[in-house]
file upload.tsv (TSV, C-alpha atoms and all ligand atoms)
chain	number	residue	atom	x	y	z
A	26	ASP	CA	83.61	73.57	130.86
A	27	PRO	CA	87.35	74.25	131.14
A	28	LYS	CA	89.06	74.51	127.78
A	29	PHE	CA	92.73	74.53	126.89
A	30	PHE	CA	93.75	77.03	124.28
A	31	THR	CA	96.50	76.61	121.73
A	32	LEU	CA	98.89	79.25	120.38
A	33	GLY	CA	97.40	81.75	117.96
A	34	ASP	CA	93.98	83.32	117.88
A	35	ASN	CA	91.28	81.08	119.26
A	36	ASP	CA	87.65	81.84	118.54
A	37	VAL	CA	85.56	81.00	121.59
A	38	THR	CA	81.95	81.32	122.59
A	39	PHE	CA	81.18	82.06	126.24
A	40	ILE	CA	77.83	80.66	127.28
A	41	ILE	CA	76.46	82.83	130.09
A	42	LYS	CA	73.48	81.60	132.10
A	43	THR	CA	71.51	84.32	133.88
A	44	LYS	CA	69.79	83.73	137.25
A	45	SER	CA	66.46	83.59	135.50
A	46	GLY	CA	67.71	80.70	133.36
A	47	GLU	CA	68.21	82.72	130.20
A	48	THR	CA	71.25	81.71	128.03
A	49	LEU	CA	73.39	84.40	126.45
A	50	ASN	CA	76.12	83.61	123.97
A	51	GLN	CA	79.10	85.92	123.66
A	52	ASP	CA	81.65	85.31	120.90
A	53	ALA	CA	85.21	86.42	121.55
A	54	THR	CA	88.70	85.98	120.22
A	55	ILE	CA	91.41	85.03	122.65
A	56	ASN	CA	95.02	85.69	121.62
A	57	VAL	CA	97.46	83.16	123.02
A	58	PHE	CA	101.11	84.18	122.74
A	59	ALA	CA	104.40	82.41	123.43
A	60	LYS	CA	105.87	82.82	126.91
A	61	ASN	CA	109.32	83.83	125.65
A	62	PRO	CA	110.23	86.45	123.03
A	63	GLU	CA	111.54	85.29	119.65
A	64	GLN	CA	115.33	85.15	119.81
A	65	ASN	CA	117.00	87.46	117.26
A	66	ILE	CA	119.23	85.05	115.36
A	67	SER	CA	122.48	86.52	114.07
A	68	TYR	CA	124.02	85.32	110.83
A	69	ALA	CA	126.75	86.00	108.28
A	70	ILE	CA	126.40	85.92	104.50
A	71	ILE	CA	129.32	83.80	103.37
A	72	ALA	CA	128.62	83.26	99.65
A	73	GLU	CA	126.46	84.44	96.75
A	74	TYR	CA	125.29	82.38	93.78
A	75	PRO	CA	123.43	83.44	90.62
A	76	HIS	CA	119.64	83.15	90.45
A	77	ASP	CA	117.45	83.58	87.35
A	78	PRO	CA	115.66	86.92	88.00
A	79	THR	CA	112.76	85.92	85.74
A	80	ASN	CA	111.68	83.29	88.33
A	81	PHE	CA	108.83	84.26	90.65
A	82	VAL	CA	110.08	81.86	93.35
A	83	GLU	CA	107.36	79.94	95.20
A	84	GLY	CA	109.26	76.81	96.24
A	85	PHE	CA	112.98	76.34	96.84
A	86	LEU	CA	114.91	73.19	97.84
A	87	MET	CA	118.40	71.85	97.79
A	88	GLU	CA	119.68	68.27	97.85
A	89	GLY	CA	123.35	67.47	97.20
A	90	ASN	CA	124.47	70.22	94.79
A	91	THR	CA	121.11	70.40	93.06
A	92	VAL	CA	118.60	73.19	93.55
A	93	TYR	CA	114.93	72.43	92.85
A	94	GLU	CA	112.76	75.45	92.32
A	95	SER	CA	109.08	76.00	91.73
A	96	ALA	CA	108.32	79.27	89.92
A	97	GLY	CA	104.81	80.71	89.99
A	98	LEU	CA	102.46	83.07	88.12
A	99	ASP	CA	99.84	82.06	85.54
A	100	GLY	CA	101.47	81.25	82.22
A	101	ALA	CA	104.99	81.17	83.67
A	102	SER	CA	104.78	78.35	86.21
A	103	LYS	CA	107.43	75.67	86.07
A	104	LEU	CA	109.50	73.25	88.12
A	105	ILE	CA	113.25	73.41	87.41
A	106	LYS	CA	116.45	71.85	88.66
A	107	TYR	CA	119.96	73.26	88.36
A	108	THR	CA	123.37	72.97	89.99
A	109	LEU	CA	124.04	75.61	92.63
A	110	GLY	CA	126.36	78.13	90.97
A	111	SER	CA	124.67	77.89	87.58
A	112	SER	CA	121.24	79.44	87.06
A	113	THR	CA	120.63	77.53	83.82
A	114	PRO	CA	118.18	74.68	84.44
A	115	ALA	CA	119.28	71.15	83.59
A	116	ILE	CA	115.58	70.23	83.35
A	117	THR	CA	112.46	72.41	83.07
A	118	GLU	CA	108.93	71.05	83.49
A	119	LYS	CA	106.41	73.71	82.44
A	120	GLN	CA	102.86	73.93	83.75
A	121	PRO	CA	99.80	74.61	81.57
A	122	ALA	CA	98.88	78.35	81.47
A	123	GLU	CA	96.01	78.03	83.98
A	124	ILE	CA	98.22	76.50	86.71
A	125	PHE	CA	100.04	78.71	89.26
A	126	SER	CA	102.79	76.64	90.94
A	127	GLU	CA	103.55	77.03	94.62
A	128	GLY	CA	105.68	75.41	97.35
A	129	CYS	CA	107.44	72.09	96.80
A	130	ALA	CA	109.06	69.40	98.93
A	131	ILE	CA	111.20	66.31	98.34
A	132	VAL	CA	109.93	62.98	99.67
A	133	GLY	CA	112.35	60.18	98.71
A	134	ASP	CA	112.56	60.11	94.91
A	135	LYS	CA	109.49	62.30	94.45
A	136	ILE	CA	108.71	66.01	94.54
A	137	TYR	CA	105.35	67.19	95.84
A	138	GLN	CA	104.12	70.61	94.75
A	139	LEU	CA	101.14	72.79	95.64
A	140	THR	CA	99.26	75.18	93.38
A	141	TYR	CA	98.02	78.63	94.42
A	142	LYS	CA	94.25	78.67	93.60
A	143	ASN	CA	93.88	75.57	91.43
A	144	LYS	CA	93.04	73.42	94.54
A	145	ILE	CA	95.36	70.61	93.41
A	146	GLY	CA	98.88	69.43	94.04
A	147	PHE	CA	101.25	67.47	91.81
A	148	VAL	CA	103.73	64.65	92.32
A	149	TYR	CA	106.86	64.50	90.13
A	150	ASP	CA	109.72	62.10	89.64
A	151	LYS	CA	112.68	63.88	91.27
A	152	ASN	CA	115.21	62.80	88.63
A	153	SER	CA	113.30	63.49	85.41
A	154	LEU	CA	110.80	66.08	86.82
A	155	ARG	CA	108.15	64.09	84.94
A	156	LYS	CA	104.66	64.60	86.40
A	157	LEU	CA	103.45	61.32	87.92
A	158	SER	CA	100.09	62.18	89.50
A	159	GLN	CA	97.96	64.89	91.10
A	160	PHE	CA	95.93	65.12	94.29
A	161	PRO	CA	93.18	67.43	95.61
A	162	LEU	CA	94.20	69.89	98.32
A	163	PRO	CA	92.36	69.44	101.64
A	164	ASN	CA	89.15	71.53	101.78
A	165	VAL	CA	90.39	73.54	104.77
A	166	ILE	CA	93.33	74.79	102.69
A	167	GLY	CA	91.94	77.75	100.79
A	168	GLU	CA	95.08	78.46	98.77
A	169	GLY	CA	98.33	76.53	98.37
A	170	TRP	CA	101.40	78.50	99.53
A	171	GLY	CA	104.41	76.80	101.13
A	172	LEU	CA	105.32	73.11	101.46
A	173	THR	CA	107.98	71.08	103.27
A	174	TYR	CA	108.50	67.52	104.55
A	175	ASP	CA	109.47	66.82	108.17
A	176	GLY	CA	110.36	63.15	107.58
A	177	LYS	CA	106.84	62.04	108.52
A	178	ASN	CA	104.29	64.51	107.16
A	179	LEU	CA	104.11	67.07	104.40
A	180	VAL	CA	103.59	70.50	106.00
A	181	ALA	CA	101.64	73.12	104.04
A	182	THR	CA	100.73	76.79	104.46
A	183	ASP	CA	97.83	78.69	102.91
A	184	GLY	CA	98.44	82.35	103.75
A	185	SER	CA	96.92	82.03	107.21
A	186	LYS	CA	98.83	81.60	110.49
A	187	ASN	CA	98.50	77.83	110.30
A	188	LEU	CA	100.86	74.98	109.55
A	189	TYR	CA	98.87	72.03	108.17
A	190	PHE	CA	100.47	68.60	108.61
A	191	LEU	CA	99.33	66.36	105.74
A	192	ASP	CA	99.31	62.58	105.39
A	193	VAL	CA	102.17	61.92	102.97
A	194	ASN	CA	100.32	58.87	101.58
A	195	ASP	CA	97.20	60.97	100.98
A	196	PRO	CA	98.00	64.72	101.04
A	197	SER	CA	94.30	65.55	100.80
A	198	LYS	CA	94.10	64.61	104.52
A	199	VAL	CA	95.12	67.05	107.29
A	200	VAL	CA	96.38	65.11	110.33
A	201	ARG	CA	97.23	68.08	112.58
A	202	THR	CA	97.11	71.90	112.51
A	203	VAL	CA	99.09	74.39	114.60
A	204	ALA	CA	98.99	78.18	114.53
A	205	VAL	CA	102.25	80.13	114.47
A	206	ALA	CA	102.65	82.70	117.25
A	207	GLY	CA	105.44	84.60	118.91
A	208	HIS	CA	105.62	86.51	122.18
A	209	THR	CA	103.54	89.51	121.08
A	210	GLU	CA	102.07	88.57	117.71
A	211	THR	CA	100.48	85.76	115.75
A	212	TYR	CA	101.96	85.55	112.28
A	213	ALA	CA	99.55	85.48	109.34
A	214	ASN	CA	100.80	84.98	105.77
A	215	ILE	CA	103.17	82.16	106.70
A	216	ASN	CA	104.66	81.28	103.32
A	217	GLU	CA	107.67	79.33	102.02
A	218	LEU	CA	108.83	76.56	104.40
A	219	GLU	CA	111.88	74.45	105.05
A	220	TYR	CA	112.22	71.74	107.69
A	221	HIS	CA	115.73	71.39	109.13
A	222	ASN	CA	116.97	69.59	112.27
A	223	GLY	CA	113.69	69.57	114.16
A	224	PHE	CA	112.54	73.10	113.29
A	225	ILE	CA	110.49	74.63	110.51
A	226	TYR	CA	111.88	77.79	108.94
A	227	SER	CA	109.36	80.05	107.28
A	228	ASN	CA	109.29	83.43	105.67
A	229	VAL	CA	106.30	85.68	106.15
A	230	TRP	CA	104.81	87.14	102.96
A	231	HIS	CA	105.66	90.84	102.51
A	232	GLN	CA	107.93	90.84	105.56
A	233	PRO	CA	111.76	90.66	105.31
A	234	ILE	CA	111.99	88.00	108.03
A	235	ILE	CA	112.42	84.27	108.46
A	236	LEU	CA	110.96	82.58	111.53
A	237	LYS	CA	112.34	79.51	113.27
A	238	ILE	CA	109.30	77.57	114.45
A	239	ASN	CA	108.85	74.69	116.86
A	240	PRO	CA	106.61	72.36	114.80
A	241	ALA	CA	105.12	70.72	117.91
A	242	THR	CA	103.60	73.93	119.28
A	243	GLY	CA	103.77	76.55	116.48
A	244	GLU	CA	105.91	78.76	118.69
A	245	ALA	CA	108.21	81.13	116.80
A	246	VAL	CA	111.36	80.65	118.87
A	247	GLY	CA	113.68	82.70	116.66
A	248	LYS	CA	113.67	85.30	113.94
A	249	PHE	CA	116.14	86.38	111.21
A	250	ASP	CA	115.97	89.96	109.99
A	251	PHE	CA	116.75	90.23	106.25
A	252	THR	CA	115.68	93.85	105.76
A	253	LYS	CA	118.96	94.87	104.12
A	254	LEU	CA	119.03	91.91	101.72
A	255	THR	CA	115.41	92.51	100.73
A	256	LYS	CA	116.03	96.22	100.00
A	257	GLU	CA	119.05	95.30	97.85
A	258	ASN	CA	117.03	92.82	95.81
A	259	ASP	CA	113.43	93.99	95.43
A	260	GLN	CA	114.12	96.77	92.87
A	261	GLY	CA	111.41	98.77	94.61
A	262	ASN	CA	108.77	96.23	93.51
A	263	SER	CA	106.60	95.30	96.49
A	264	GLU	CA	105.96	91.78	95.09
A	265	HIS	CA	109.66	90.96	94.77
A	266	VAL	CA	109.69	89.66	98.32
A	267	LEU	CA	112.08	87.33	100.12
A	268	ASN	CA	110.66	83.87	99.36
A	269	GLY	CA	112.93	80.87	99.26
A	270	ILE	CA	114.61	78.92	102.05
A	271	ALA	CA	116.76	75.83	101.54
A	272	PHE	CA	119.55	74.19	103.53
A	273	LYS	CA	123.09	73.42	102.36
A	274	GLY	CA	124.41	71.42	105.29
A	275	ASN	CA	123.74	73.64	108.28
A	276	ASN	CA	123.87	76.84	106.23
A	277	MET	CA	120.68	78.40	104.97
A	278	LEU	CA	120.21	79.39	101.33
A	279	VAL	CA	117.96	82.41	100.88
A	280	THR	CA	116.49	83.96	97.75
A	281	GLY	CA	113.37	85.82	96.68
A	282	LYS	CA	110.89	86.41	93.90
A	283	ASN	CA	112.79	87.76	90.88
A	284	TRP	CA	116.00	88.16	92.89
A	285	SER	CA	119.19	87.76	90.83
A	286	LYS	CA	121.08	86.10	93.68
A	287	ILE	CA	120.94	83.21	96.14
A	288	TYR	CA	122.69	83.90	99.45
A	289	GLU	CA	124.42	81.34	101.65
A	290	VAL	CA	123.86	82.24	105.28
A	291	ALA	CA	125.93	80.86	108.15
A	292	ILE	CA	123.78	80.81	111.27
A	293	GLN	CA	125.52	82.04	114.42
B	301	LIG	N1	101.96	83.76	97.33
B	301	LIG	O1	103.26	83.79	97.13
B	301	LIG	C1	101.67	84.70	98.39
B	301	LIG	C2	101.62	82.43	97.75
B	301	LIG	C3	101.24	84.06	96.10
B	301	LIG	C4	101.43	85.47	95.67
B	301	LIG	C5	100.70	85.82	94.39
B	301	LIG	C6	100.97	87.21	94.06
B	301	LIG	C7	100.64	87.52	92.64
B	301	LIG	C8	101.01	88.93	92.35
B	301	LIG	C9	101.24	89.18	90.91
B	301	LIG	C10	102.27	90.26	90.75
B	301	LIG	C11	102.81	90.32	89.36
B	301	LIG	C12	104.28	90.59	89.35

call {"tool": "encode", "arguments": {"input": "upload.tsv", "output": "structure tokens", "more": "lines below"}}
Ligand code: DDQ
result
Amino acid sequence: DPKFFTLGDNDVTFIIKTKSGETLNQDATINVFAKNPEQNISYAIIAEYPHDPTNFVEGFLMEGNTVYESAGLDGASKLIKYTLGSSTPAITEKQPAEIFSEGCAIVGDKIYQLTYKNKIGFVYDKNSLRKLSQFPLPNVIGEGWGLTYDGKNLVATDGSKNLYFLDVNDPSKVVRTVAVAGHTETYANINELEYHNGFIYSNVWHQPIILKINPATGEAVGKFDFTKLTKENDQGNSEHVLNGIAFKGNNMLVTGKNWSKIYEVAIQ
């Protein structure tokens, strides 16, 4: 039977019938890449703001002048909000020691947040950061990594190449999945996400890059190279990776785990 493949790696089984009627199954992986290369997006760093270097950033958002940040690690996980320019939180909502906080997203007056291996997510009141409820992560999501909201669905990552579109009224339900792929590679370890103007921006864990992704197909259409910024901020610690994308108007805000700065990036 003819089959249409989607971007990414597709596991397929060929069923081969021999003349004598015998059936042989052959498993294979087919790599499907984007037709066009990722465009190298140029940018200029136009401002720097302080960032608390004790925060192991897992989620990063901006609305108005307020930054919302989810910091991870067992025993240190918290959701905070502060005004851009000050790194002192106006409100801090700490997690119990066994919870490792991950990506977060604003939906109306609520904040949704994933956890790393706890298999649950939380819903908070955006103004008070008071925890309102929790939900189970979909079974197909092994670990909670990044989260964003595209105006219709929550979009989650789990360290694979996939973007999982979740029902915002019941985030335990996956409504659609796409794999992220460029012209010559599929991208595993898709991590922190931000939806902006029809595209999803994502960093890739342990790589100093941010991808611009078409959410309809998973195609990485563009790529930012932040090698220099990462080297200046990681203090030689391999876990102090770039991880944090937010938008301030059409400029991107970028930070990382335990970085002492937030950078405002004008996209060219
Ligand atoms: N994630 O960001 C990839 C989603 C989770 C990373 C968890 C890494 C824990 C490493 C602990 C290092 C201690 C500084």

call {"tool": "atom_distance", "arguments": {"input": "upload.tsv", "atom1": "atom CA of A:Asp250", "atom2": "atom CA of A:Ser285"}}
result
19.6 Å

call {"tool": "closest_atom_pairs", "arguments": {"input": "upload.tsv", "of": "chain A", "to": "ligand LIG 301 (chain B)", "cutoff": "12 Å", "atoms": "all atoms listed in the file", "output": "CSV"}}
result
residue,atom,partner,partner_atom,distance
A:Thr79,CA,B:LIG301,C12,10.3
A:Asn80,CA,B:LIG301,C12,10.4
A:Phe81,CA,B:LIG301,C12,7.9
A:Val82,CA,B:LIG301,O1,8.0
A:Glu83,CA,B:LIG301,O1,5.9
A:Gly84,CA,B:LIG301,O1,9.2
A:Ser95,CA,B:LIG301,O1,11.1
A:Ala96,CA,B:LIG301,O1,9.9
A:Gly97,CA,B:LIG301,C3,7.8
A:Leu98,CA,B:LIG301,C7,6.6
A:Asp99,CA,B:LIG301,C7,9.0
A:Gly100,CA,B:LIG301,C11,11.6
A:Ala101,CA,B:LIG301,C11,11.0
A:Ser102,CA,B:LIG301,C5,11.8
A:Phe125,CA,B:LIG301,C3,8.8
A:Ser126,CA,B:LIG301,C2,9.0
A:Glu127,CA,B:LIG301,C2,6.5
A:Gly128,CA,B:LIG301,C2,8.1
A:Cys129,CA,B:LIG301,C2,11.9
A:Leu139,CA,B:LIG301,C2,9.9
A:Thr140,CA,B:LIG301,C2,8.8
A:Tyr141,CA,B:LIG301,C2,6.2
A:Lys142,CA,B:LIG301,C3,9.2
A:Gly167,CA,B:LIG301,C2,11.2
A:Glu168,CA,B:LIG301,C2,7.7
A:Gly169,CA,B:LIG301,C2,6.8
A:Trp170,CA,B:LIG301,C2,4.3
A:Gly171,CA,B:LIG301,C2,7.1
A:Leu172,CA,B:LIG301,C2,10.7
A:Ala181,CA,B:LIG301,C2,11.2
A:Thr182,CA,B:LIG301,C2,8.8
A:Asp183,CA,B:LIG301,C2,7.4
A:Gly184,CA,B:LIG301,C1,6.7
A:Ser185,CA,B:LIG301,C1,10.4
A:Ala213,CA,B:LIG301,C1,11.2
A:Asn214,CA,B:LIG301,C1,7.4
A:Ile215,CA,B:LIG301,C1,8.8
A:Asn216,CA,B:LIG301,C2,6.4
A:Glu217,CA,B:LIG301,O1,8.0
A:Leu218,CA,B:LIG301,C2,11.4
A:Asn228,CA,B:LIG301,O1,10.5
A:Val229,CA,B:LIG301,C1,9.1
A:Trp230,CA,B:LIG301,C1,6.1
A:His231,CA,B:LIG301,C1,8.4
A:Gln232,CA,B:LIG301,C1,11.3
A:Asp259,CA,B:LIG301,C12,11.5
A:Asn262,CA,B:LIG301,C12,8.3
A:Ser263,CA,B:LIG301,C10,8.8
A:Glu264,CA,B:LIG301,C10,5.9
A:His265,CA,B:LIG301,C12,7.6
A:Val266,CA,B:LIG301,O1,8.8
A:Leu267,CA,B:LIG301,O1,10.0
A:Asn268,CA,B:LIG301,O1,7.7
A:Gly269,CA,B:LIG301,O1,10.3
A:Gly281,CA,B:LIG301,O1,10.3
A:Lys282,CA,B:LIG301,O1,8.7
A:Asn283,CA,B:LIG301,C12,9.1

call {"tool": "atom_distance", "arguments": {"input": "upload.tsv", "atom1": "atom CA of A:Val92", "atom2": "atom CA of A:Lys286"}}
result
13.1 Å

call {"tool": "closest_atom_pairs", "arguments": {"input": "upload.tsv", "of": "stretch 148-242 of chain A", "to": "stretch 44-63 of chain A", "cutoff": "7 Å", "atoms": "all atoms listed in the file", "output": "Markdown table"}}
result
| residue | atom | partner | partner_atom | distance |
| --- | --- | --- | --- | --- |
| A:Ala206 | CA | A:Phe58 | CA | 5.9 |
| A:Gly207 | CA | A:Ala59 | CA | 5.1 |
| A:His208 | CA | A:Ala59 | CA | 4.5 |
| A:Thr209 | CA | A:Phe58 | CA | 6.1 |
| A:Glu210 | CA | A:Phe58 | CA | 6.7 |

call {"tool": "write_last_selection", "arguments": {"input": "upload.tsv", "atoms": "C-alpha atoms", "output": "JSON list (two decimals), keeping the file's coordinate frame"}}
result
[["chain", "number", "residue", "atom", "x", "y", "z"],
["A", 206, "ALA", "CA", 102.65, 82.70, 117.25],
["A", 207, "GLY", "CA", 105.44, 84.60, 118.91],
["A", 208, "HIS", "CA", 105.62, 86.51, 122.18],
["A", 209, "THR", "CA", 103.54, 89.51, 121.08],
["A", 210, "GLU", "CA", 102.07, 88.57, 117.71]]

call {"tool": "residues_around", "arguments": {"input": "upload.tsv", "residues": "stretch 187-199 of chain A", "least_positions_apart": "2", "cutoff": "10 Å", "atoms": "all atoms listed in the file", "output": "ChimeraX atom specification"}}
result
/A:33,132,137,145-146,159-166,171-185,201-206,211-216,218,225,240,243

call {"tool": "write_last_selection", "arguments": {"input": "upload.tsv", "atoms": "C-alpha atoms", "output": "PDB file, keeping the file's coordinate frame"}}
result
ATOM      1  CA  GLY A  33      97.400  81.750 117.960  1.00  0.00           C
ATOM      2  CA  VAL A 132     109.930  62.980  99.670  1.00  0.00           C
ATOM      3  CA  TYR A 137     105.350  67.190  95.840  1.00  0.00           C
ATOM      4  CA  ILE A 145      95.360  70.610  93.410  1.00  0.00           C
ATOM      5  CA  GLY A 146      98.880  69.430  94.040  1.00  0.00           C
ATOM      6  CA  GLN A 159      97.960  64.890  91.100  1.00  0.00           C
ATOM      7  CA  PHE A 160      95.930  65.120  94.290  1.00  0.00           C
ATOM      8  CA  PRO A 161      93.180  67.430  95.610  1.00  0.00           C
ATOM      9  CA  LEU A 162      94.200  69.890  98.320  1.00  0.00           C
ATOM     10  CA  PRO A 163      92.360  69.440 101.640  1.00  0.00           C
ATOM     11  CA  ASN A 164      89.150  71.530 101.780  1.00  0.00           C
ATOM     12  CA  VAL A 165      90.390  73.540 104.770  1.00  0.00           C
ATOM     13  CA  ILE A 166      93.330  74.790 102.690  1.00  0.00           C
ATOM     14  CA  GLY A 171     104.410  76.800 101.130  1.00  0.00           C
ATOM     15  CA  LEU A 172     105.320  73.110 101.460  1.00  0.00           C
ATOM     16  CA  THR A 173     107.980  71.080 103.270  1.00  0.00           C
ATOM     17  CA  TYR A 174     108.500  67.520 104.550  1.00  0.00           C
ATOM     18  CA  ASP A 175     109.470  66.820 108.170  1.00  0.00           C
ATOM     19  CA  GLY A 176     110.360  63.150 107.580  1.00  0.00           C
ATOM     20  CA  LYS A 177     106.840  62.040 108.520  1.00  0.00           C
ATOM     21  CA  ASN A 178     104.290  64.510 107.160  1.00  0.00           C
ATOM     22  CA  LEU A 179     104.110  67.070 104.400  1.00  0.00           C
ATOM     23  CA  VAL A 180     103.590  70.500 106.000  1.00  0.00           C
ATOM     24  CA  ALA A 181     101.640  73.120 104.040  1.00  0.00           C
ATOM     25  CA  THR A 182     100.730  76.790 104.460  1.00  0.00           C
ATOM     26  CA  ASP A 183      97.830  78.690 102.910  1.00  0.00           C
ATOM     27  CA  GLY A 184      98.440  82.350 103.750  1.00  0.00           C
ATOM     28  CA  SER A 185      96.920  82.030 107.210  1.00  0.00           C
ATOM     29  CA  ARG A 201      97.230  68.080 112.580  1.00  0.00           C
ATOM     30  CA  THR A 202      97.110  71.900 112.510  1.00  0.00           C
ATOM     31  CA  VAL A 203      99.090  74.390 114.600  1.00  0.00           C
ATOM     32  CA  ALA A 204      98.990  78.180 114.530  1.00  0.00           C
ATOM     33  CA  VAL A 205     102.250  80.130 114.470  1.00  0.00           C
ATOM     34  CA  ALA A 206     102.650  82.700 117.250  1.00  0.00           C
ATOM     35  CA  THR A 211     100.480  85.760 115.750  1.00  0.00           C
ATOM     36  CA  TYR A 212     101.960  85.550 112.280  1.00  0.00           C
ATOM     37  CA  ALA A 213      99.550  85.480 109.340  1.00  0.00           C
ATOM     38  CA  ASN A 214     100.800  84.980 105.770  1.00  0.00           C
ATOM     39  CA  ILE A 215     103.170  82.160 106.700  1.00  0.00           C
ATOM     40  CA  ASN A 216     104.660  81.280 103.320  1.00  0.00           C
ATOM     41  CA  LEU A 218     108.830  76.560 104.400  1.00  0.00           C
ATOM     42  CA  ILE A 225     110.490  74.630 110.510  1.00  0.00           C
ATOM     43  CA  PRO A 240     106.610  72.360 114.800  1.00  0.00           C
ATOM     44  CA  GLY A 243     103.770  76.550 116.480  1.00  0.00           C
TER      45      GLY A 243
END

call {"tool": "atom_distance", "arguments": {"input": "upload.tsv", "atom1": "atom CA of A:Glu94", "atom2": "atom CA of A:Tyr226"}}
result
16.8 Å

call {"tool": "closest_residue", "arguments": {"input": "upload.tsv", "among": "A:Ser112, A:Tyr93, A:Thr242, A:Pro121", "to": "A:Gln138", "atoms": "all atoms listed in the file"}}
result
A:Tyr93

call {"tool": "closest_residue", "arguments": {"input": "upload.tsv", "among": "A:Phe249, A:Tyr149, A:Phe224, A:Phe30", "to": "A:Val279", "atoms": "only C-alpha atoms"}}
result
A:Phe249

call {"tool": "axis_aligned_box", "arguments": {"input": "upload.tsv", "around": "stretch 230-242 of chain A", "padding_each_side": "5 Å", "output": "AutoDock Vina command-line options"}}
result
--center_x 108.0 --center_y 80.8 --center_z 110.9 --size_x 18.8 --size_y 30.1 --size_z 26.8

call {"tool": "closest_residue", "arguments": {"input": "upload.tsv", "among": "A:Ile41, A:Ile66, A:Leu32, A:Val200", "to": "A:Val290", "atoms": "all atoms listed in the file"}}
result
A:Ile66

call {"tool": "closest_residue", "arguments": {"input": "upload.tsv", "among": "A:Thr43, A:Thr255, A:Thr31, A:Ala69", "to": "A:Ala291", "atoms": "all atoms listed in the file"}}
result
A:Ala69

call {"tool": "closest_residue", "arguments": {"input": "upload.tsv", "among": "A:Val246, A:Asp134, A:Asn143, A:Glu219", "to": "A:Gln120", "atoms": "only C-alpha atoms"}}
result
A:Asn143

call {"tool": "closest_residue", "arguments": {"input": "upload.tsv", "among": "A:Tyr107, A:Tyr74, A:Tyr68, A:Trp284", "to": "A:Gln260", "atoms": "only C-alpha atoms"}}
result
A:Trp284

call {"tool": "build_atoms", "arguments": {"input": "upload.tsv", "residues": "stretch 244-255 of chain A", "atoms": "N, CA, C and O atoms", "output": "short mmCIF file (atom, residue, chain, number, x, y, z; two decimals), in the frame of the given file"}}
result
data_model
loop_
_atom_site.label_atom_id
_atom_site.label_comp_id
_atom_site.auth_asym_id
_atom_site.auth_seq_id
_atom_site.Cartn_x
_atom_site.Cartn_y
_atom_site.Cartn_z
N GLU A 244 105.22 77.61 118.11
CA GLU A 244 105.91 78.76 118.69
C GLU A 244 107.07 79.23 117.82
O GLU A 244 107.94 78.42 117.45
N ALA A 245 107.06 80.53 117.49
CA ALA A 245 108.21 81.13 116.80
C ALA A 245 109.27 81.37 117.87
O ALA A 245 109.11 82.23 118.72
N VAL A 246 110.33 80.55 117.82
CA VAL A 246 111.36 80.65 118.87
C VAL A 246 112.48 81.61 118.45
O VAL A 246 113.20 82.14 119.28
N GLY A 247 112.61 81.82 117.15
CA GLY A 247 113.68 82.70 116.66
C GLY A 247 113.25 83.41 115.40
O GLY A 247 112.25 83.06 114.76
N LYS A 248 114.04 84.45 115.06
CA LYS A 248 113.67 85.30 113.94
C LYS A 248 114.94 85.85 113.29
O LYS A 248 115.84 86.32 113.99
N PHE A 249 115.04 85.76 111.96
CA PHE A 249 116.14 86.38 111.21
C PHE A 249 115.60 87.64 110.56
O PHE A 249 114.52 87.60 109.96
N ASP A 250 116.37 88.71 110.63
CA ASP A 250 115.97 89.96 109.99
C ASP A 250 116.77 90.13 108.70
O ASP A 250 117.99 90.31 108.73
N PHE A 251 116.09 90.07 107.55
CA PHE A 251 116.75 90.23 106.25
C PHE A 251 116.31 91.51 105.55
O PHE A 251 116.16 91.54 104.33
N THR A 252 116.12 92.57 106.33
CA THR A 252 115.68 93.85 105.76
C THR A 252 116.66 94.37 104.70
O THR A 252 116.25 94.76 103.61
N LYS A 253 117.95 94.31 105.03
CA LYS A 253 118.96 94.87 104.12
C LYS A 253 118.99 94.09 102.79
O LYS A 253 118.97 94.67 101.71
N LEU A 254 119.00 92.77 102.91
CA LEU A 254 119.03 91.91 101.72
C LEU A 254 117.80 92.14 100.83
O LEU A 254 117.90 92.19 99.60
N THR A 255 116.65 92.31 101.48
CA THR A 255 115.41 92.51 100.73
C THR A 255 115.46 93.84 99.98
O THR A 255 115.14 93.90 98.80
#
